[in-house]
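**Q** If it helps, the file is called data_39.txt and holds compact mmCIF, N, CA and C atoms:
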# COMPACT_ATOMS: atom_id res chain seq x y z
N MET A 283 4.81 2.19 -10.22
CA MET A 283 4.47 3.24 -11.14
C MET A 283 2.95 3.45 -11.12
N ILE A 284 2.54 4.66 -11.18
CA ILE A 284 1.12 5.00 -11.20
C ILE A 284 0.70 5.16 -12.65
N ARG A 285 -0.20 4.32 -13.07
CA ARG A 285 -0.68 4.35 -14.45
C ARG A 285 -1.69 5.46 -14.65
N ALA A 286 -1.75 5.97 -15.87
CA ALA A 286 -2.72 7.01 -16.21
C ALA A 286 -4.13 6.51 -15.90
N GLY A 287 -4.93 7.37 -15.34
CA GLY A 287 -6.30 7.03 -15.01
C GLY A 287 -6.47 6.30 -13.69
N ARG A 288 -5.37 6.09 -12.97
CA ARG A 288 -5.46 5.37 -11.69
C ARG A 288 -5.02 6.24 -10.51
N GLN A 289 -4.75 7.51 -10.74
CA GLN A 289 -4.28 8.38 -9.67
C GLN A 289 -5.27 8.43 -8.50
N HIS A 290 -6.55 8.33 -8.81
CA HIS A 290 -7.57 8.39 -7.76
C HIS A 290 -7.53 7.16 -6.85
N LEU A 291 -6.83 6.12 -7.25
CA LEU A 291 -6.74 4.90 -6.45
C LEU A 291 -5.50 4.85 -5.56
N VAL A 292 -4.61 5.79 -5.71
CA VAL A 292 -3.35 5.78 -4.97
C VAL A 292 -3.58 6.20 -3.52
N ARG A 293 -2.96 5.44 -2.60
CA ARG A 293 -3.07 5.75 -1.18
C ARG A 293 -1.69 5.79 -0.55
N THR A 294 -1.52 6.71 0.38
CA THR A 294 -0.29 6.81 1.16
C THR A 294 -0.48 6.03 2.46
N LEU A 295 0.58 5.91 3.25
CA LEU A 295 0.45 5.28 4.56
C LEU A 295 -0.54 6.03 5.43
N ALA A 296 -0.56 7.36 5.34
CA ALA A 296 -1.53 8.16 6.11
C ALA A 296 -2.96 7.83 5.69
N ASP A 297 -3.18 7.62 4.39
CA ASP A 297 -4.51 7.24 3.90
C ASP A 297 -4.90 5.87 4.45
N LEU A 298 -3.95 4.93 4.46
CA LEU A 298 -4.24 3.59 4.97
C LEU A 298 -4.55 3.64 6.46
N ALA A 299 -3.81 4.46 7.21
CA ALA A 299 -4.08 4.61 8.64
C ALA A 299 -5.48 5.16 8.86
N ALA A 300 -5.84 6.18 8.12
CA ALA A 300 -7.17 6.78 8.25
C ALA A 300 -8.25 5.76 7.90
N GLN A 301 -8.01 4.95 6.88
CA GLN A 301 -8.97 3.93 6.47
C GLN A 301 -9.20 2.92 7.60
N GLN A 302 -8.16 2.66 8.39
CA GLN A 302 -8.26 1.71 9.50
C GLN A 302 -8.69 2.39 10.80
N GLY A 303 -8.82 3.72 10.76
CA GLY A 303 -9.31 4.45 11.93
C GLY A 303 -8.27 4.69 13.01
N VAL A 304 -6.99 4.73 12.62
CA VAL A 304 -5.92 5.00 13.58
C VAL A 304 -5.04 6.12 13.05
N GLY A 305 -4.25 6.71 13.92
CA GLY A 305 -3.32 7.74 13.52
C GLY A 305 -2.10 7.14 12.82
N ILE A 306 -1.40 7.95 12.07
CA ILE A 306 -0.24 7.47 11.31
C ILE A 306 0.86 6.95 12.23
N ASP A 307 1.08 7.59 13.38
CA ASP A 307 2.12 7.12 14.30
C ASP A 307 1.81 5.71 14.80
N HIS A 308 0.56 5.50 15.19
CA HIS A 308 0.14 4.17 15.67
C HIS A 308 0.24 3.15 14.53
N TYR A 309 -0.16 3.55 13.35
CA TYR A 309 -0.15 2.66 12.19
C TYR A 309 1.29 2.22 11.86
N THR A 310 2.23 3.15 11.90
CA THR A 310 3.61 2.79 11.57
C THR A 310 4.25 1.96 12.68
N ARG A 311 3.76 2.07 13.91
CA ARG A 311 4.25 1.19 14.97
C ARG A 311 3.71 -0.23 14.79
N LEU A 312 2.44 -0.34 14.38
CA LEU A 312 1.82 -1.66 14.18
C LEU A 312 2.37 -2.37 12.95
N LYS A 313 2.70 -1.60 11.92
CA LYS A 313 3.24 -2.11 10.65
C LYS A 313 2.37 -3.19 10.00
N PRO A 314 1.06 -2.95 9.86
CA PRO A 314 0.24 -3.95 9.19
C PRO A 314 0.62 -4.14 7.73
N TYR A 315 1.28 -3.16 7.16
CA TYR A 315 1.73 -3.23 5.77
C TYR A 315 2.89 -4.21 5.59
N ALA A 316 3.47 -4.69 6.70
CA ALA A 316 4.56 -5.65 6.63
C ALA A 316 4.05 -7.09 6.72
N ALA A 317 2.74 -7.27 6.91
CA ALA A 317 2.17 -8.60 7.02
C ALA A 317 2.28 -9.34 5.70
N GLU A 318 2.44 -10.66 5.80
CA GLU A 318 2.50 -11.47 4.58
C GLU A 318 1.19 -11.33 3.82
N GLY A 319 1.31 -11.12 2.54
CA GLY A 319 0.13 -10.99 1.68
C GLY A 319 -0.33 -9.56 1.48
N PHE A 320 0.15 -8.62 2.31
CA PHE A 320 -0.24 -7.23 2.13
C PHE A 320 0.36 -6.76 0.80
N PRO A 321 -0.42 -6.03 0.01
CA PRO A 321 0.09 -5.57 -1.30
C PRO A 321 1.37 -4.75 -1.19
N ALA A 322 2.25 -4.98 -2.12
CA ALA A 322 3.51 -4.23 -2.17
C ALA A 322 3.25 -2.80 -2.61
N PRO A 323 4.09 -1.88 -2.17
CA PRO A 323 3.95 -0.49 -2.63
C PRO A 323 4.10 -0.40 -4.15
N ILE A 324 3.44 0.57 -4.73
CA ILE A 324 3.57 0.79 -6.17
C ILE A 324 4.51 1.95 -6.46
N SER A 325 5.03 2.57 -5.39
CA SER A 325 5.97 3.67 -5.57
C SER A 325 7.32 3.11 -6.02
N SER A 326 8.15 3.97 -6.56
CA SER A 326 9.47 3.56 -7.03
C SER A 326 10.32 3.10 -5.86
N GLU A 327 11.17 2.12 -6.11
CA GLU A 327 12.08 1.65 -5.06
C GLU A 327 12.94 2.81 -4.58
N GLY A 328 13.09 2.90 -3.27
CA GLY A 328 13.90 3.94 -2.69
C GLY A 328 13.17 5.26 -2.49
N SER A 329 11.91 5.33 -2.89
CA SER A 329 11.18 6.59 -2.72
C SER A 329 10.89 6.84 -1.24
N ARG A 330 10.79 8.08 -0.87
CA ARG A 330 10.54 8.46 0.52
C ARG A 330 9.09 8.22 0.91
N THR A 331 8.18 8.34 -0.03
CA THR A 331 6.76 8.15 0.25
C THR A 331 6.29 6.86 -0.38
N TRP A 332 5.71 6.01 0.45
CA TRP A 332 5.17 4.76 -0.06
C TRP A 332 3.77 5.01 -0.59
N LEU A 333 3.51 4.52 -1.77
CA LEU A 333 2.20 4.63 -2.39
C LEU A 333 1.66 3.23 -2.64
N TYR A 334 0.37 3.06 -2.38
CA TYR A 334 -0.27 1.77 -2.52
C TYR A 334 -1.46 1.87 -3.47
N ASP A 335 -1.75 0.77 -4.16
CA ASP A 335 -2.91 0.71 -5.04
C ASP A 335 -4.15 0.44 -4.18
N GLY A 336 -5.12 1.32 -4.24
CA GLY A 336 -6.32 1.22 -3.41
C GLY A 336 -7.12 -0.04 -3.66
N GLU A 337 -7.21 -0.49 -4.91
CA GLU A 337 -7.96 -1.71 -5.20
C GLU A 337 -7.30 -2.92 -4.55
N GLN A 338 -5.98 -2.96 -4.57
CA GLN A 338 -5.27 -4.07 -3.95
C GLN A 338 -5.47 -4.06 -2.43
N VAL A 339 -5.32 -2.89 -1.83
CA VAL A 339 -5.46 -2.78 -0.38
C VAL A 339 -6.88 -3.14 0.05
N ASP A 340 -7.87 -2.63 -0.66
CA ASP A 340 -9.26 -2.94 -0.32
C ASP A 340 -9.52 -4.44 -0.39
N ALA A 341 -9.03 -5.10 -1.43
CA ALA A 341 -9.22 -6.54 -1.57
C ALA A 341 -8.56 -7.28 -0.41
N TYR A 342 -7.34 -6.89 -0.06
CA TYR A 342 -6.63 -7.52 1.04
C TYR A 342 -7.41 -7.37 2.35
N LEU A 343 -7.86 -6.16 2.63
CA LEU A 343 -8.56 -5.91 3.89
C LEU A 343 -9.90 -6.63 3.96
N LEU A 344 -10.50 -6.91 2.81
CA LEU A 344 -11.77 -7.64 2.76
C LEU A 344 -11.57 -9.16 2.70
N GLY A 345 -10.30 -9.60 2.69
CA GLY A 345 -10.02 -11.02 2.64
C GLY A 345 -10.22 -11.64 1.26
N LYS A 346 -10.24 -10.79 0.25
CA LYS A 346 -10.42 -11.27 -1.12
C LYS A 346 -9.06 -11.41 -1.80
N PRO A 347 -8.99 -12.14 -2.91
CA PRO A 347 -7.72 -12.23 -3.64
C PRO A 347 -7.25 -10.84 -4.08
N VAL A 348 -5.98 -10.59 -3.91
CA VAL A 348 -5.42 -9.30 -4.28
C VAL A 348 -5.12 -9.31 -5.78
N PRO A 349 -5.76 -8.40 -6.53
CA PRO A 349 -5.50 -8.36 -7.98
C PRO A 349 -4.10 -7.79 -8.25
N PRO A 350 -3.50 -8.21 -9.34
CA PRO A 350 -2.20 -7.61 -9.67
C PRO A 350 -2.39 -6.14 -10.05
N ALA A 351 -1.43 -5.34 -9.67
CA ALA A 351 -1.48 -3.92 -10.06
C ALA A 351 -1.08 -3.83 -11.52
N PRO A 352 -1.68 -2.91 -12.26
CA PRO A 352 -1.25 -2.73 -13.65
C PRO A 352 0.25 -2.41 -13.69
N GLY A 353 0.98 -3.15 -14.50
CA GLY A 353 2.42 -2.93 -14.60
C GLY A 353 3.20 -3.56 -13.46
N ASP A 354 2.56 -4.44 -12.67
CA ASP A 354 3.23 -5.08 -11.53
C ASP A 354 4.44 -5.87 -12.03
N ARG A 355 5.58 -5.59 -11.42
CA ARG A 355 6.82 -6.29 -11.80
C ARG A 355 7.16 -7.39 -10.81
N GLY A 356 6.19 -7.77 -9.99
CA GLY A 356 6.43 -8.86 -9.07
C GLY A 356 7.10 -8.47 -7.77
N ARG A 357 7.24 -7.18 -7.49
CA ARG A 357 7.81 -6.75 -6.20
C ARG A 357 6.90 -7.20 -5.09
N ARG A 358 7.45 -7.68 -4.02
CA ARG A 358 6.65 -8.09 -2.88
C ARG A 358 7.20 -7.45 -1.63
N GLY A 359 6.30 -6.99 -0.81
CA GLY A 359 6.66 -6.44 0.49
C GLY A 359 7.16 -5.02 0.43
N PRO A 360 7.07 -4.34 1.55
CA PRO A 360 7.52 -2.95 1.62
C PRO A 360 9.03 -2.85 1.52
N PRO A 361 9.57 -1.73 1.08
CA PRO A 361 11.00 -1.57 0.91
C PRO A 361 11.77 -1.41 2.20
N GLY A 362 11.11 -1.25 3.32
CA GLY A 362 11.77 -1.04 4.61
C GLY A 362 11.04 0.00 5.39
N PRO A 363 11.52 0.31 6.59
CA PRO A 363 10.79 1.28 7.42
C PRO A 363 10.79 2.68 6.82
N PRO A 364 9.69 3.39 7.03
CA PRO A 364 9.63 4.76 6.48
C PRO A 364 10.55 5.70 7.21
Please lay out the structure from this file as structure tokens.
**A**
Amino acid sequence: MIRAGRQHLVRTLADLAAQQGVGIDHYTRLKPYAAEGFPAPISSEGSRTWLYDGEQVDAYLLGKPVPPAPGDRGRRGPPGPP
């Protein structure tokens, strides 16, 4: 769930690919979002578009502890292939 005041932190898979400097097709083939420790999506289960918390992703990519997302219900890992 996206909390009020945090919409500017939401990232899609395309945003994550761009952040890493690769195209979305290459990014989904590599599946870095499936790595252990990568933040879980904040989108609703079963949603077609995966949404990620930018603060969590930034911390993960910098090798820092990943903060819990506001309202985190303990979901871990992506829901499956897009």
**Q** Considering all atoms listed in the file, return as a tab-separated table (two decimals) with N, CA and C atoms, in the frame of the given file whatever protein or nucleic-acid residues lie within 5 Å of Tyr334 (chain A), sequence-local ones (same chain, fewer than 5 positions apart) excluded.
**A**
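In the end it all went to out_14.tsv:
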chain	number	residue	atom	x	y	z
A	292	VAL	N	-4.61	5.79	-5.71
A	292	VAL	CA	-3.35	5.78	-4.97
A	292	VAL	C	-3.58	6.20	-3.52
A	293	ARG	N	-2.96	5.44	-2.60
A	293	ARG	CA	-3.07	5.75	-1.18
A	293	ARG	C	-1.69	5.79	-0.55
A	294	THR	N	-1.52	6.71	0.38
A	294	THR	CA	-0.29	6.81	1.16
A	294	THR	C	-0.48	6.03	2.46
A	323	PRO	N	4.09	-1.88	-2.17
A	323	PRO	CA	3.95	-0.49	-2.63
A	323	PRO	C	4.10	-0.40	-4.15
A	324	ILE	N	3.44	0.57	-4.73
A	324	ILE	CA	3.57	0.79	-6.17
A	324	ILE	C	4.51	1.95	-6.46
**Q** May I have the residues at most 8 Å from (0.9, -2.1, 1.3) in the file's coordinates, counting only N, CA and C atoms, as a ChimeraX atom specification?
**A** /A:314-317,319-324,332-335,338-339,359-360
**Q** So how far away is atom N of Leu291 (chain A) from atom N of Gly336 (chain A), in Å?
**A**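 We find that atom N of Gly336 (chain A) and atom N of Leu291 (chain A) lie 5.9 Å from each other.
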**Q** Please report the interatomic distance between atom N of Pro350 (chain A) and atom N of Glu337 (chain A) in Å with one decimal.
**A**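 Computing it gives 9.6 Å between the two atoms.
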**Q** One number please: CA of Thr331 (chain A) to CA of Leu344 (chain A), in Å, one decimal.
**A**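 CA of Leu344 (chain A) lies at a distance of 24.5 Å from CA of Thr331 (chain A).
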**Q** Might you pull out every residue within 8 Å of Ala296 (chain A), with all atoms listed in the file counted and same-chain residues fewer than 2 positions away left off, and present them as a CSV table (one decimal) with N, CA and C atoms, keeping the file's coordinate frame?
**A**
chain,number,residue,atom,x,y,z
A,293,ARG,N,-3.0,5.4,-2.6
A,293,ARG,CA,-3.1,5.8,-1.2
A,293,ARG,C,-1.7,5.8,-0.6
A,294,THR,N,-1.5,6.7,0.4
A,294,THR,CA,-0.3,6.8,1.2
A,294,THR,C,-0.5,6.0,2.5
A,298,LEU,N,-4.0,4.9,4.5
A,298,LEU,CA,-4.2,3.6,5.0
A,298,LEU,C,-4.6,3.6,6.5
A,299,ALA,N,-3.8,4.5,7.2
A,299,ALA,CA,-4.1,4.6,8.6
A,299,ALA,C,-5.5,5.2,8.9
A,300,ALA,N,-5.8,6.2,8.1
A,300,ALA,CA,-7.2,6.8,8.2
A,300,ALA,C,-8.2,5.8,7.9
A,301,GLN,N,-8.0,5.0,6.9
A,301,GLN,CA,-9.0,3.9,6.5
A,301,GLN,C,-9.2,2.9,7.6
A,302,GLN,N,-8.2,2.7,8.4
A,302,GLN,CA,-8.3,1.7,9.5
A,302,GLN,C,-8.7,2.4,10.8
A,304,VAL,N,-7.0,4.7,12.6
A,304,VAL,CA,-5.9,5.0,13.6
A,304,VAL,C,-5.0,6.1,13.0
A,305,GLY,N,-4.2,6.7,13.9
A,305,GLY,CA,-3.3,7.7,13.5
A,305,GLY,C,-2.1,7.1,12.8
A,306,ILE,N,-1.4,8.0,12.1
A,306,ILE,CA,-0.2,7.5,11.3
A,306,ILE,C,0.9,7.0,12.2
A,307,ASP,N,1.1,7.6,13.4
A,307,ASP,CA,2.1,7.1,14.3
A,307,ASP,C,1.8,5.7,14.8
A,332,TRP,N,5.7,6.0,0.4
A,332,TRP,CA,5.2,4.8,-0.1
A,332,TRP,C,3.8,5.0,-0.6
**Q** From a DSSP pass on the backbone, collect the residues of region 292-324 of chain A flagged as helix (DSSP H, G or I) and hand them back as an NGL selection string.
**A** :A and (295-302 or 306-312 or 314-316)
